[in-house]
$ cat final_29.cif   # mmCIF, C-alpha atoms
data_model
loop_
_atom_site.label_atom_id
_atom_site.label_comp_id
_atom_site.auth_asym_id
_atom_site.auth_seq_id
_atom_site.Cartn_x
_atom_site.Cartn_y
_atom_site.Cartn_z
CA MET A 1 -16.96 -6.20 7.99
CA LEU A 2 -19.80 -3.80 7.27
CA LEU A 3 -21.38 -1.72 10.02
CA LYS A 4 -24.27 0.66 9.57
CA VAL A 5 -25.83 3.04 11.98
CA ASP A 6 -28.93 5.16 11.49
CA LEU A 7 -28.55 8.45 13.32
CA GLY A 8 -32.24 9.18 12.64
CA SER A 9 -33.52 6.00 14.27
CA THR A 10 -35.11 5.90 17.72
CA GLN A 11 -33.11 2.80 18.63
CA PRO A 12 -30.09 3.79 20.76
CA LEU A 13 -26.87 3.93 18.76
CA HIS A 14 -24.97 1.51 20.96
CA GLU A 15 -27.76 -1.05 20.53
CA GLN A 16 -27.73 -0.62 16.77
CA LEU A 17 -23.97 -1.04 16.75
CA ALA A 18 -24.07 -4.12 18.98
CA GLY A 19 -26.68 -5.65 16.67
CA GLN A 20 -24.62 -4.87 13.57
CA LEU A 21 -21.47 -6.31 15.13
CA ARG A 22 -23.33 -9.43 16.23
CA ALA A 23 -24.75 -9.93 12.75
CA ALA A 24 -21.32 -9.39 11.19
CA ILE A 25 -19.72 -11.95 13.52
CA ALA A 26 -22.57 -14.42 12.91
CA SER A 27 -21.93 -14.10 9.17
CA GLY A 28 -18.27 -15.00 9.69
CA ASP A 29 -16.80 -11.60 8.79
CA PRO A 30 -14.91 -10.81 11.02
CA ALA A 31 -13.93 -14.42 11.62
CA ALA A 32 -12.84 -15.97 14.90
CA GLY A 33 -9.41 -14.75 15.95
CA GLU A 34 -9.60 -11.67 13.77
CA LYS A 35 -8.77 -8.29 15.20
CA LEU A 36 -11.33 -5.54 14.84
CA PRO A 37 -10.24 -2.23 13.34
CA PRO A 38 -9.37 0.46 15.88
CA ALA A 39 -12.54 1.69 17.59
CA ARG A 40 -11.41 5.27 17.00
CA ASP A 41 -11.33 4.76 13.20
CA LEU A 42 -14.70 3.00 13.13
CA ALA A 43 -16.35 5.63 15.32
CA GLU A 44 -14.94 8.40 13.15
CA SER A 45 -16.20 6.71 9.99
CA LEU A 46 -19.67 6.23 11.43
CA GLY A 47 -19.88 9.70 12.91
CA VAL A 48 -20.52 8.39 16.42
CA ASN A 49 -18.72 8.99 19.69
CA VAL A 50 -15.98 6.47 20.34
CA HIS A 51 -17.51 5.69 23.76
CA THR A 52 -20.75 4.69 22.07
CA LEU A 53 -18.85 2.19 19.97
CA LEU A 54 -16.86 0.95 22.96
CA ARG A 55 -20.15 0.42 24.78
CA ALA A 56 -21.25 -1.87 21.94
CA PHE A 57 -17.90 -3.68 22.13
CA LYS A 58 -18.46 -4.14 25.86
CA THR A 59 -21.92 -5.62 25.31
CA LEU A 60 -20.45 -8.19 22.93
CA ARG A 61 -17.58 -8.87 25.29
CA ASP A 62 -20.11 -9.63 28.02
CA GLU A 63 -21.84 -12.00 25.61
CA GLY A 64 -18.53 -13.78 25.01
CA LEU A 65 -18.22 -12.75 21.37
CA LEU A 66 -15.32 -10.37 21.74
CA GLU A 67 -12.23 -10.42 23.83
CA VAL A 68 -10.50 -7.18 24.72
CA ARG A 69 -6.77 -7.67 25.13
CA ARG A 70 -4.77 -4.84 26.54
CA GLY A 71 -2.39 -3.52 23.91
CA ARG A 72 -3.56 -6.04 21.33
CA GLY A 73 -6.95 -4.68 20.49
CA THR A 74 -10.35 -6.29 20.29
CA ILE A 75 -10.44 -9.84 18.98
CA VAL A 76 -13.33 -12.06 17.92
CA THR A 77 -13.40 -15.10 20.23
CA ASP A 78 -13.20 -18.64 18.90
CA ALA A 79 -16.71 -19.45 20.03
CA ALA A 80 -18.11 -16.25 18.60
CA SER A 81 -19.74 -17.15 15.32
CA GLN A 82 -21.76 -19.98 16.93
CA GLN A 83 -22.49 -17.84 19.93
CA ALA A 84 -23.55 -14.88 17.83
CA ARG A 85 -26.10 -17.01 16.05
CA PHE A 86 -27.65 -18.18 19.32
CA VAL A 87 -27.70 -14.69 20.74
CA ASP A 88 -29.41 -13.51 17.59
CA LEU A 89 -31.96 -16.34 17.75
CA ALA A 90 -32.64 -15.63 21.41
CA ARG A 91 -33.18 -11.95 20.69
CA GLU A 92 -35.49 -12.77 17.88
CA LEU A 93 -37.43 -15.16 20.11
CA VAL A 94 -37.79 -12.54 22.83
CA THR A 95 -38.76 -9.74 20.44
CA GLU A 96 -41.27 -11.86 18.54
CA SER A 97 -42.79 -13.31 21.72
CA ARG A 98 -43.17 -9.89 23.32
CA ARG A 99 -44.72 -8.54 20.16
CA SER A 100 -47.29 -11.31 20.19
CA GLY A 101 -48.19 -10.37 23.77
CA LEU A 102 -46.28 -12.89 25.87
CA THR A 103 -44.97 -11.69 29.23
CA ASP A 104 -41.33 -12.18 30.16
CA ASP A 105 -42.32 -14.88 32.65
CA GLU A 106 -44.20 -16.73 29.94
CA ILE A 107 -41.19 -16.53 27.64
CA ARG A 108 -39.01 -17.93 30.43
CA ALA A 109 -41.44 -20.76 30.96
CA LEU A 110 -41.50 -21.42 27.25
CA LEU A 111 -37.75 -21.80 27.12
CA GLU A 112 -37.71 -23.79 30.36
CA ALA A 113 -40.16 -26.27 28.83
CA GLN A 114 -37.83 -26.84 25.91
CA LEU A 115 -34.85 -27.64 28.13
CA MET B 116 3.81 18.21 -22.42
CA ASN B 117 2.83 16.27 -25.48
CA GLU B 118 3.73 12.73 -26.34
CA LYS B 119 6.43 13.60 -28.84
CA LEU B 120 8.32 15.82 -26.39
CA ALA B 121 8.02 13.10 -23.75
CA ARG B 122 9.53 10.59 -26.15
CA ILE B 123 12.39 12.96 -26.94
CA GLY B 124 12.94 13.61 -23.22
CA LEU B 125 12.99 9.93 -22.38
CA GLY B 126 14.95 8.76 -25.40
CA LEU B 127 17.45 11.63 -25.79
CA VAL B 128 17.46 14.25 -23.04
CA LEU B 129 17.55 11.94 -20.01
CA PRO B 130 20.12 9.57 -21.55
CA ALA B 131 22.25 12.59 -22.48
CA ALA B 132 21.92 13.94 -18.95
CA ALA B 133 22.88 10.56 -17.48
CA ALA B 134 25.87 10.37 -19.81
CA ALA B 135 26.91 13.90 -18.86
CA LEU B 136 26.61 13.08 -15.16
CA THR B 137 28.76 10.02 -15.70
CA TYR B 138 31.44 11.24 -18.06
CA VAL B 139 31.90 14.95 -17.38
CA PRO B 140 33.82 14.47 -14.10
CA TYR B 141 35.83 11.72 -15.78
CA LEU B 142 36.77 13.98 -18.71
CA MET B 143 37.62 16.84 -16.34
CA TYR B 144 40.14 14.77 -14.42
CA ARG B 145 41.13 12.23 -17.05
CA ASN B 146 44.80 13.26 -17.08
CA ASP B 147 45.02 13.26 -13.33
CA LEU B 148 43.45 10.01 -12.18
CA PRO B 149 44.85 7.67 -9.53
CA ASP B 150 46.01 4.19 -10.62
CA ARG B 151 43.08 2.54 -8.93
CA PHE B 152 39.72 3.63 -7.47
CA ALA B 153 38.31 2.28 -4.24
CA THR B 154 35.11 0.57 -5.35
CA HIS B 155 34.32 -1.62 -2.39
CA PHE B 156 34.21 -0.70 1.26
CA GLY B 157 34.50 -2.87 4.35
CA SER B 158 34.02 -2.00 7.99
CA SER B 159 37.63 -0.82 8.26
CA GLY B 160 37.72 1.19 5.04
CA PRO B 161 38.13 0.46 1.35
CA ASP B 162 38.86 -3.20 0.60
CA GLY B 163 38.38 -3.48 -3.14
CA SER B 164 39.55 -1.47 -6.12
CA MET B 165 39.45 -1.19 -9.89
CA THR B 166 41.60 0.54 -12.47
CA PRO B 167 39.94 3.56 -14.11
CA GLY B 168 39.60 1.52 -17.30
CA GLN B 169 37.76 -1.37 -15.60
CA PHE B 170 35.55 1.02 -13.66
CA LEU B 171 34.73 2.97 -16.81
CA THR B 172 33.87 -0.18 -18.76
CA LEU B 173 31.66 -1.61 -16.02
CA THR B 174 29.86 1.70 -15.53
CA THR B 175 29.34 2.15 -19.26
CA VAL B 176 27.74 -1.29 -19.55
CA LEU B 177 25.40 -0.63 -16.61
CA LEU B 178 24.61 2.86 -17.86
CA LEU B 179 23.71 1.46 -21.27
CA VAL B 180 21.29 -0.98 -19.64
CA GLY B 181 19.51 1.93 -17.94
CA ILE B 182 19.56 4.11 -21.05
CA GLY B 183 18.41 1.16 -23.14
CA GLY B 184 15.41 0.73 -20.83
CA MET B 185 14.39 4.37 -21.21
CA ALA B 186 15.07 4.40 -24.94
CA SER B 187 13.03 1.25 -25.55
CA VAL B 188 10.06 2.93 -23.86
CA ALA B 189 10.68 6.10 -25.86
CA VAL B 190 10.60 4.34 -29.24
CA SER B 191 7.75 1.95 -28.42
CA ARG B 192 4.75 1.94 -30.70
CA GLY B 193 1.17 1.67 -29.48
CA PRO B 194 0.09 1.78 -25.85
CA LEU B 195 2.72 0.53 -23.42
CA HIS B 196 2.23 -2.50 -21.24
CA PRO B 197 2.32 -1.17 -17.63
CA MET B 198 5.10 -3.61 -16.77
CA THR B 199 7.23 -2.28 -19.66
CA ALA B 200 6.52 1.28 -18.58
CA TRP B 201 7.60 0.51 -15.04
CA LEU B 202 10.67 -1.56 -15.86
CA GLY B 203 11.90 0.43 -18.82
CA GLY B 204 10.97 3.93 -17.77
CA VAL B 205 11.26 4.09 -14.00
CA LEU B 206 13.82 1.36 -13.33
CA GLY B 207 15.81 2.34 -16.42
CA GLY B 208 16.06 5.88 -15.09
CA PHE B 209 16.96 4.61 -11.62
CA PHE B 210 19.68 2.37 -13.04
CA ALA B 211 21.22 5.11 -15.19
CA GLY B 212 21.14 7.63 -12.33
CA LEU B 213 22.52 5.18 -9.78
CA PHE B 214 25.49 3.85 -11.71
CA GLY B 215 26.23 7.17 -13.37
CA GLY B 216 26.11 8.73 -9.91
CA ILE B 217 28.40 6.11 -8.35
CA PHE B 218 30.97 6.67 -11.07
CA ALA B 219 30.75 10.46 -10.97
CA PHE B 220 30.90 10.74 -7.18
CA THR B 221 33.75 8.24 -6.96
CA ILE B 222 35.80 10.32 -9.37
CA LEU B 223 34.93 13.60 -7.68
CA MET B 224 35.86 12.20 -4.27
CA GLN B 225 38.92 10.17 -5.23
CA HIS B 226 40.62 11.93 -8.18
CA ASP B 227 43.24 13.61 -5.98
CA LEU B 228 44.09 10.59 -3.82
CA ASP B 229 47.55 9.05 -4.05
CA ASP B 230 46.35 5.66 -2.97
CA TRP B 231 42.84 4.20 -3.18
CA ARG B 232 43.21 2.87 0.39
CA GLN B 233 42.94 6.45 1.64
CA ALA B 234 39.43 6.82 0.24
CA SER B 235 36.88 7.90 2.82
CA GLY B 236 33.81 5.83 3.62
CA PRO B 237 30.96 5.34 1.18
CA GLY B 238 28.35 7.42 3.06
CA TRP B 239 28.36 10.45 0.74
CA LEU B 240 28.82 8.24 -2.26
CA ILE B 241 25.69 6.26 -1.40
CA LEU B 242 23.71 9.39 -0.60
CA GLY B 243 24.81 11.16 -3.77
CA SER B 244 24.22 8.28 -6.13
CA LEU B 245 20.86 7.39 -4.56
CA THR B 246 19.79 11.00 -4.96
CA ALA B 247 20.81 10.90 -8.63
CA ALA B 248 18.96 7.59 -9.03
CA VAL B 249 15.76 8.96 -7.48
CA VAL B 250 15.90 12.15 -9.56
CA PHE B 251 16.38 10.20 -12.79
CA ALA B 252 13.73 7.63 -11.88
CA GLY B 253 11.27 10.41 -11.05
CA ALA B 254 11.93 12.28 -14.27
CA ALA B 255 11.74 9.09 -16.33
CA GLY B 256 8.54 8.01 -14.56
CA TRP B 257 6.94 11.39 -15.19
CA LEU B 258 7.87 11.32 -18.87
CA THR B 259 6.70 7.72 -19.20
CA SER B 260 3.32 8.70 -17.78
CA ARG B 261 2.89 11.14 -20.71
CA LEU B 262 2.95 8.18 -23.11
CA PRO B 263 -0.13 6.09 -23.78
CA ILE B 264 -0.23 3.20 -21.31
CA GLN B 265 -2.50 0.19 -21.71
CA GLN B 266 -5.48 0.40 -19.41
CA PRO B 267 -6.46 -2.75 -17.59
CA ASP B 268 -9.89 -3.97 -18.69
CA ILE B 269 -12.65 -1.54 -17.91
CA PRO B 270 -15.29 -3.40 -15.90
CA ASP B 271 -18.84 -3.62 -17.20
CA THR B 272 -21.58 -1.78 -15.38
CA ALA B 273 -22.85 -4.97 -13.74
CA ALA B 274 -19.75 -4.82 -11.60
CA THR B 275 -20.67 -1.50 -10.01
CA PRO B 276 -23.05 -2.43 -7.19
CA THR B 277 -24.70 0.03 -4.84
CA MET B 278 -26.50 -0.19 -1.53
CA LEU B 279 -29.40 1.65 0.04
CA LEU B 280 -28.49 4.12 2.70
CA ALA B 281 -31.17 6.04 4.58
CA GLU B 282 -30.80 9.77 4.91
CA HIS B 283 -29.18 9.67 8.34
CA GLU B 284 -27.58 6.30 7.93
CA HIS B 285 -23.80 6.03 8.15
CA ALA B 286 -21.87 2.95 7.11
CA VAL B 287 -18.32 1.76 7.40
CA TRP B 288 -16.66 -1.22 5.81
CA SER B 289 -13.30 -2.39 6.94
CA ALA B 290 -11.04 -5.27 6.01
CA ARG B 291 -7.57 -6.53 6.66
CA LEU B 292 -5.40 -8.41 4.26
CA HIS B 293 -2.30 -10.35 5.14
CA ASN B 294 0.08 -11.95 2.73
CA ARG B 295 2.05 -14.54 4.70
CA TRP B 296 4.65 -14.96 1.95
CA LEU B 297 5.42 -11.27 1.90
CA LEU B 298 5.61 -11.33 5.69
CA VAL B 299 8.13 -14.17 5.63
CA ILE B 300 10.17 -12.61 2.84
CA GLY B 301 10.18 -9.24 4.58
CA VAL B 302 11.35 -10.72 7.87
CA CYS B 303 14.06 -12.73 6.08
CA ILE B 304 15.41 -9.71 4.21
CA THR B 305 15.44 -7.61 7.36
CA ILE B 306 17.24 -10.31 9.36
CA ALA B 307 19.71 -10.85 6.51
CA GLY B 308 20.35 -7.11 6.48
CA VAL B 309 21.11 -7.10 10.21
CA VAL B 310 23.36 -10.15 9.92
CA PHE B 311 25.26 -8.68 6.96
CA ALA B 312 25.63 -5.41 8.80
CA LEU B 313 27.04 -7.16 11.87
CA TYR B 314 29.48 -9.42 10.06
CA ILE B 315 30.27 -7.85 6.73
CA GLN B 316 29.60 -4.19 6.10
CA TRP B 317 27.59 -1.89 8.29
CA TRP B 318 26.09 0.01 5.40
CA THR B 319 24.50 -3.09 3.84
CA LEU B 320 21.92 -2.63 6.60
CA LEU B 321 20.60 0.43 4.82
CA PRO B 322 19.33 -1.07 1.54
CA MET B 323 18.50 -4.45 3.09
CA ALA B 324 16.56 -3.07 6.03
CA THR B 325 14.80 -0.55 3.83
CA SER B 326 13.66 -3.15 1.33
CA GLY B 327 12.80 -5.58 4.14
CA LEU B 328 10.68 -2.97 5.87
CA ALA B 329 9.08 -1.98 2.57
CA VAL B 330 8.06 -5.60 1.95
CA LEU B 331 6.83 -5.92 5.55
CA THR B 332 4.84 -2.72 5.19
CA PHE B 333 3.01 -4.13 2.21
CA ALA B 334 2.58 -7.56 3.79
CA SER B 335 -0.52 -6.36 5.58
CA LEU B 336 -3.11 -3.85 4.55
CA ARG B 337 -6.07 -2.23 6.20
CA VAL B 338 -8.74 -0.93 3.89
CA ARG B 339 -11.66 1.15 5.11
CA ALA B 340 -14.54 2.63 3.14
CA ASP B 341 -16.91 5.18 4.64
CA GLY B 342 -18.72 8.44 3.91
CA ASP B 343 -15.32 10.08 3.71
CA GLY B 344 -14.02 7.85 0.91
CA LEU B 345 -11.48 5.07 0.84
CA HIS B 346 -8.60 4.78 3.30
CA VAL B 347 -5.76 2.33 2.87
CA SER B 348 -3.11 1.92 5.53
CA TYR B 349 -0.12 -0.31 5.18
CA GLY B 350 1.53 -2.49 7.78
CA ILE B 351 1.55 -1.43 11.39
CA LEU B 352 2.93 2.02 10.74
CA PRO B 353 0.68 5.08 10.71
CA TRP B 354 2.38 6.20 7.49
CA PRO B 355 2.15 5.92 4.52
CA ARG B 356 -1.59 6.06 4.04
CA THR B 357 -3.77 6.52 1.02
CA HIS B 358 -7.01 8.45 1.26
CA ILE B 359 -9.31 8.96 -1.68
CA PRO B 360 -12.09 11.40 -0.77
CA VAL B 361 -15.56 10.41 -1.87
CA ASN B 362 -16.01 13.65 -3.84
CA GLN B 363 -13.17 12.61 -6.14
CA ILE B 364 -14.73 9.24 -6.94
CA GLU B 365 -16.75 8.78 -10.11
CA THR B 366 -17.55 5.08 -9.72
CA ALA B 367 -16.44 2.15 -7.62
CA SER B 368 -16.46 -1.27 -9.18
CA VAL B 369 -15.50 -4.88 -8.67
CA ILE B 370 -12.65 -6.19 -10.78
CA ASP B 371 -10.44 -9.21 -11.10
CA ILE B 372 -6.88 -8.05 -10.52
CA ARG B 373 -4.18 -9.76 -12.52
CA PRO B 374 -0.90 -8.45 -11.08
CA MET B 375 0.90 -8.35 -14.44
CA GLU B 376 -1.71 -5.98 -15.84
CA TRP B 377 -0.94 -3.51 -13.10
CA GLY B 378 2.81 -3.82 -13.17
CA GLY B 379 3.41 -6.50 -10.55
CA TRP B 380 2.96 -6.72 -6.79
CA GLY B 381 3.13 -3.98 -4.18
CA TYR B 382 2.20 -0.35 -4.67
CA ARG B 383 2.29 0.00 -8.44
CA GLY B 384 2.18 3.21 -10.36
CA SER B 385 1.47 6.58 -8.87
CA LEU B 386 -1.70 8.64 -8.75
CA LYS B 387 0.23 11.89 -8.99
CA LEU B 388 2.74 10.86 -11.63
CA MET B 389 1.15 8.09 -13.67
CA ASN B 390 -2.61 8.67 -13.33
CA GLN B 391 -2.98 5.13 -12.16
CA ALA B 392 -2.06 3.33 -8.98
CA ALA B 393 -2.81 -0.10 -7.62
CA VAL B 394 -2.14 -1.81 -4.33
CA VAL B 395 -1.64 -5.35 -5.53
CA HIS B 396 -1.36 -7.93 -2.83
CA ARG B 397 -2.32 -11.04 -4.73
CA ALA B 398 -4.21 -12.04 -7.83
CA GLY B 399 -8.00 -12.05 -7.53
CA PRO B 400 -10.90 -9.83 -6.56
CA GLY B 401 -10.25 -6.16 -6.10
CA LEU B 402 -11.89 -2.80 -5.80
CA ARG B 403 -11.42 -0.31 -8.60
CA LEU B 404 -12.09 3.40 -8.23
CA ASP B 405 -12.46 5.55 -11.31
CA LEU B 406 -11.81 9.10 -10.23
CA LYS B 407 -13.43 12.22 -11.64
CA ASP B 408 -10.15 13.46 -13.09
CA GLY B 409 -9.77 10.24 -15.09
CA LYS B 410 -7.30 8.58 -12.74
CA VAL B 411 -7.70 5.00 -11.58
CA PHE B 412 -6.97 3.48 -8.19
CA ALA B 413 -7.28 -0.22 -7.45
CA VAL B 414 -6.69 -2.34 -4.38
CA THR B 415 -6.97 -6.08 -3.83
CA VAL B 416 -9.58 -6.92 -1.21
CA ASP B 417 -11.77 -9.90 -0.41
CA ASN B 418 -15.46 -9.35 -1.22
CA PRO B 419 -15.02 -6.02 -2.99
CA GLU B 420 -18.79 -5.93 -3.66
CA THR B 421 -19.47 -4.43 -0.24
CA PRO B 422 -17.03 -1.50 -0.34
CA ALA B 423 -17.94 -0.84 -3.99
CA ALA B 424 -21.64 -0.70 -3.09
CA LEU B 425 -20.96 1.50 -0.08
CA LEU B 426 -18.81 3.97 -1.99
CA ASN B 427 -21.25 4.14 -4.91
CA ALA B 428 -24.06 4.88 -2.43
CA GLU B 429 -21.95 7.61 -0.84
CA VAL B 430 -21.07 9.03 -4.26
CA ALA B 431 -24.76 9.10 -5.17
CA ARG B 432 -25.63 11.17 -2.14
CA GLN B 433 -22.88 13.71 -2.67
CA PRO B 434 -24.33 17.14 -3.48
CA ALA B 435 -24.24 17.70 -7.23
CA THR B 436 -22.26 20.93 -6.80
CA SER B 437 -19.10 19.05 -5.91
CA SER B 438 -18.43 17.83 -9.41
#
$ encode --input "final_29.cif" --output "C-alpha cells"
Amino acid sequence: MLLKVDLGSTQPLHEQLAGQLRAAIASGDPAAGEKLPPARDLAESLGVNVHTLLRAFKTLRDEGLLEVRRGRGTIVTDAASQQARFVDLARELVTESRRSGLTDDEIRALLEAQL
Amino acid sequence: MNEKLARIGLGLVLPAAAAALTYVPYLMYRNDLPDRFATHFGSSGPDGSMTPGQFLTLTTVLLLVGIGGMASVAVSRGPLHPMTAWLGGVLGGFFAGLFGGIFAFTILMQHDLDDWRQASGPGWLILGSLTAAVVFAGAAGWLTSRLPIQQPDIPDTAATPTMLLAEHEHAVWSARLHNRWLLVIGVCITIAGVVFALYIQWWTLLPMATSGLAVLTFASLRVRADGDGLHVSYGILPWPRTHIPVNQIETASVIDIRPMEWGGWGYRGSLKLMNQAAVVHRAGPGLRLDLKDGKVFAVTVDNPETPAALLNAEVARQPATSS
C-alpha cells in the first residue's frame, strides 16, 4: 500500500489521507481482510500527527471501508474494494458537477433521476 | 585482513583451535578418566553413557565434519557460492565448536567422578558448548566473508524505477508478507518442543522452542519504505528489526530472488559480517538495495516496483553532502 501526502497542499491532510487510502483500497492493495500497518508507524513515516491519520481512518470506517477492531487493529472490510470504487465515483461526480456550476440540489436531482 | 590470511585462519587456525579445545582437556586428564561418561540426560539425571573411547571416536568424527566444512571453504578456488560459504564456513565452525565444546566440557565436569550416574545436569554443558559453537561460527563467518563470494546477478538499470515526489510531499509504502508453510512448521516445532519437554527431557524445550520461534518470527514480515529508509520487522515481536537509512542507500532496484543464490530461506548472510544480507521468504520478486559502502540488502516483497521507486525518489532528494 502506497500513501502520499503533500504537506504544501491547501487540501487538509486528513482529506488527502482519506483519498489516498480510498484509492489504495479501490486498487485492491490492501485487499479485503488485510490489516493496515499500525497508524503510529504510518503517521511517523508520513510526518503527520497520528490523530490526523486516525481521522482519515475514521472517515473510511464511516464509509464502511474499514473496520476498527479493538486490540486487532484496523482491517479492510470485505465489501471495501467495491465500496471504495463507488465512493470514488460519487466524489468525482460531485466534484465535476460542482465545477461545471451545478448546485447541490441539482446534483441530488440528477442522481434521483437515475434511480 | 587479506584473502590469504583469511584462508589460513579458516583452514588452519580455527581447525587447530577447535582441536585444541577438544583434545587439551582430554590429554590433561587422560590417565585419570572415569570408566564411562554421562552423555545423555533425562529428567531425573544422567540416563546414558559412553566409554571414553567411544566418546572420543564420535567426537572426532563430528569434529572432522566441522573442520572439513571450514577447510573446504578455505581451499576453494574462484568466488564461493553463497550456500557453500554459509554451510561450509558458518555451519562448519558451529559444528566444530559445538561438538568440541561438548566433549571438552564433559571431560572438565566429569573427570573426577567415580560413577557417571553422579554427573550433574546438562545446563552448564549446554551453555558452554553453545557459547563455543557461537564463537567458532562467528569467527568462521567473519573469515569466510573476507573471501570472494559470488554476487547474485546485478540488475540492469531498467529495474531501478523512481517516482515523482513534490517538494513537501511525503510517501510511505507498507506491505505484509505471510508464509503459511513457515507458520505451520514453526507452530509444529514449538508444540513438539513443549511435548518433548513435558514427557521426555525438560531441556529439549530450549533448542526446539528457540528454533520454532525463529521460524515463526520469519513466517511473517512487515516491510515499510519511507523518507527515513527501509524498515523490516519480523513476526509479531518488536525485535529484531532491520532499518536501512535512506542516506546509506545508493540505489533501490527490482530483482527476481532465487533463494539458492542468497543461501536459502530466512535471514541469510549478515550486513555487518558478510557485506550482504537477504530476507528470503519465497522465490520471486524482491527489492534489492545497493548501499553506498558496497553492501547489498535484499528482501522478498510483492510488487517491489513501488518501494524501489519511492526509495530512489527519496535518495534523489537527499542533500548531496551526505555522500
$ resolve_selection --input "final_29.cif" --expression "the PyMOL selection byres ((chain A) within 7 of (chain B))" --output "count of residues only"
11
$ axis_aligned_box --input "final_29.cif" --around "range 323-337 of chain B" --padding-each-side "6 Å" --output "AutoDock Vina command-line options"
--center_x 6.2 --center_y -4.1 --center_z 3.8 --size_x 36.6 --size_y 19.0 --size_z 16.9
$ residues_around --input "final_29.cif" --residues "Leu17 in chain A" --least-positions-apart "2" --cutoff "12 Å" --atoms "all atoms listed in the file" --output "PyMOL selection string"
(chain A and resi 2-7+11-15+19-24+39+42-43+46+48-60) or (chain B and resi 285-287)
$ resolve_selection --input "final_29.cif" --expression "the PyMOL selection byres ((chain A and resi 89-98) around 12)" --output "VMD selection string"
chain A and resid 19 22 to 23 26 82 to 88 99 to 111
$ write_last_selection --input "final_29.cif" --atoms "C-alpha atoms" --output "mmCIF file, in the coordinates of the input"
data_model
loop_
_atom_site.group_PDB
_atom_site.id
_atom_site.type_symbol
_atom_site.label_atom_id
_atom_site.label_comp_id
_atom_site.auth_asym_id
_atom_site.auth_seq_id
_atom_site.Cartn_x
_atom_site.Cartn_y
_atom_site.Cartn_z
ATOM 1 C CA GLY A 19 -26.680 -5.650 16.670
ATOM 2 C CA ARG A 22 -23.330 -9.430 16.230
ATOM 3 C CA ALA A 23 -24.750 -9.930 12.750
ATOM 4 C CA ALA A 26 -22.570 -14.420 12.910
ATOM 5 C CA GLN A 82 -21.760 -19.980 16.930
ATOM 6 C CA GLN A 83 -22.490 -17.840 19.930
ATOM 7 C CA ALA A 84 -23.550 -14.880 17.830
ATOM 8 C CA ARG A 85 -26.100 -17.010 16.050
ATOM 9 C CA PHE A 86 -27.650 -18.180 19.320
ATOM 10 C CA VAL A 87 -27.700 -14.690 20.740
ATOM 11 C CA ASP A 88 -29.410 -13.510 17.590
ATOM 12 C CA ARG A 99 -44.720 -8.540 20.160
ATOM 13 C CA SER A 100 -47.290 -11.310 20.190
ATOM 14 C CA GLY A 101 -48.190 -10.370 23.770
ATOM 15 C CA LEU A 102 -46.280 -12.890 25.870
ATOM 16 C CA THR A 103 -44.970 -11.690 29.230
ATOM 17 C CA ASP A 104 -41.330 -12.180 30.160
ATOM 18 C CA ASP A 105 -42.320 -14.880 32.650
ATOM 19 C CA GLU A 106 -44.200 -16.730 29.940
ATOM 20 C CA ILE A 107 -41.190 -16.530 27.640
ATOM 21 C CA ARG A 108 -39.010 -17.930 30.430
ATOM 22 C CA ALA A 109 -41.440 -20.760 30.960
ATOM 23 C CA LEU A 110 -41.500 -21.420 27.250
ATOM 24 C CA LEU A 111 -37.750 -21.800 27.120
#
$ residues_around --input "final_29.cif" --residues "Pro197 in chain B" --least-positions-apart "5" --cutoff "7 Å" --atoms "only C-alpha atoms" --output "PyMOL selection string"
chain B and resi 264-265+376-378
$ atom_distance --input "final_29.cif" --atom1 "CA of Leu129 in chain B" --atom2 "CA of Phe251 in chain B"
7.5 Å
$ resolve_selection --input "final_29.cif" --expression "the PyMOL selection byres ((chain B and resi 123) around 12)" --output "MDAnalysis selection string"
chainID B and resid 116:122 124:131 185:190 255 258:259 261:262
$ residues_around --input "final_29.cif" --residues "Thr277 in chain B" --least-positions-apart "2" --cutoff "7 Å" --atoms "only C-alpha atoms" --output "number ranges by chain"
B: 275, 279, 423-425, 427-428
$ atom_distance --input "final_29.cif" --atom1 "CA of Asp417 in chain B" --atom2 "CA of Val369 in chain B"
10.4 Å
$ atom_distance --input "final_29.cif" --atom1 "CA of Ile300 in chain B" --atom2 "CA of Val347 in chain B"
21.8 Å
$ residues_near_point --input "final_29.cif" --point "(45.8, 10.5, -8.9)" --cutoff "8 Å" --atoms "all atoms listed in the file" --output "VMD selection string"
chain B and resid 147 to 150 225 to 230
$ closest_residue --input "final_29.cif" --among "A:Glu34, A:Glu112, A:Asp29, A:Asp62" --to "Ile75 in chain A" --atoms "only C-alpha atoms"
A:Glu34
$ residues_around --input "final_29.cif" --residues "Trp380 in chain B" --least-positions-apart "2" --cutoff "10 Å" --atoms "all atoms listed in the file" --output "JSON, numbers by chain"
{"B": [333, 373, 374, 375, 377, 378, 382, 383, 393, 394, 395, 396, 397, 398]}
$ closest_residue --input "final_29.cif" --among "B:Ala135, B:Ala367, B:Ile241, B:Ile306" --to "Phe156 in chain B" --atoms "all atoms listed in the file"
B:Ile241
$ residues_around --input "final_29.cif" --residues "Ala31 in chain A" --least-positions-apart "6" --cutoff "8 Å" --atoms "all atoms listed in the file" --output "ChimeraX atom specification"
/A:25,76,81
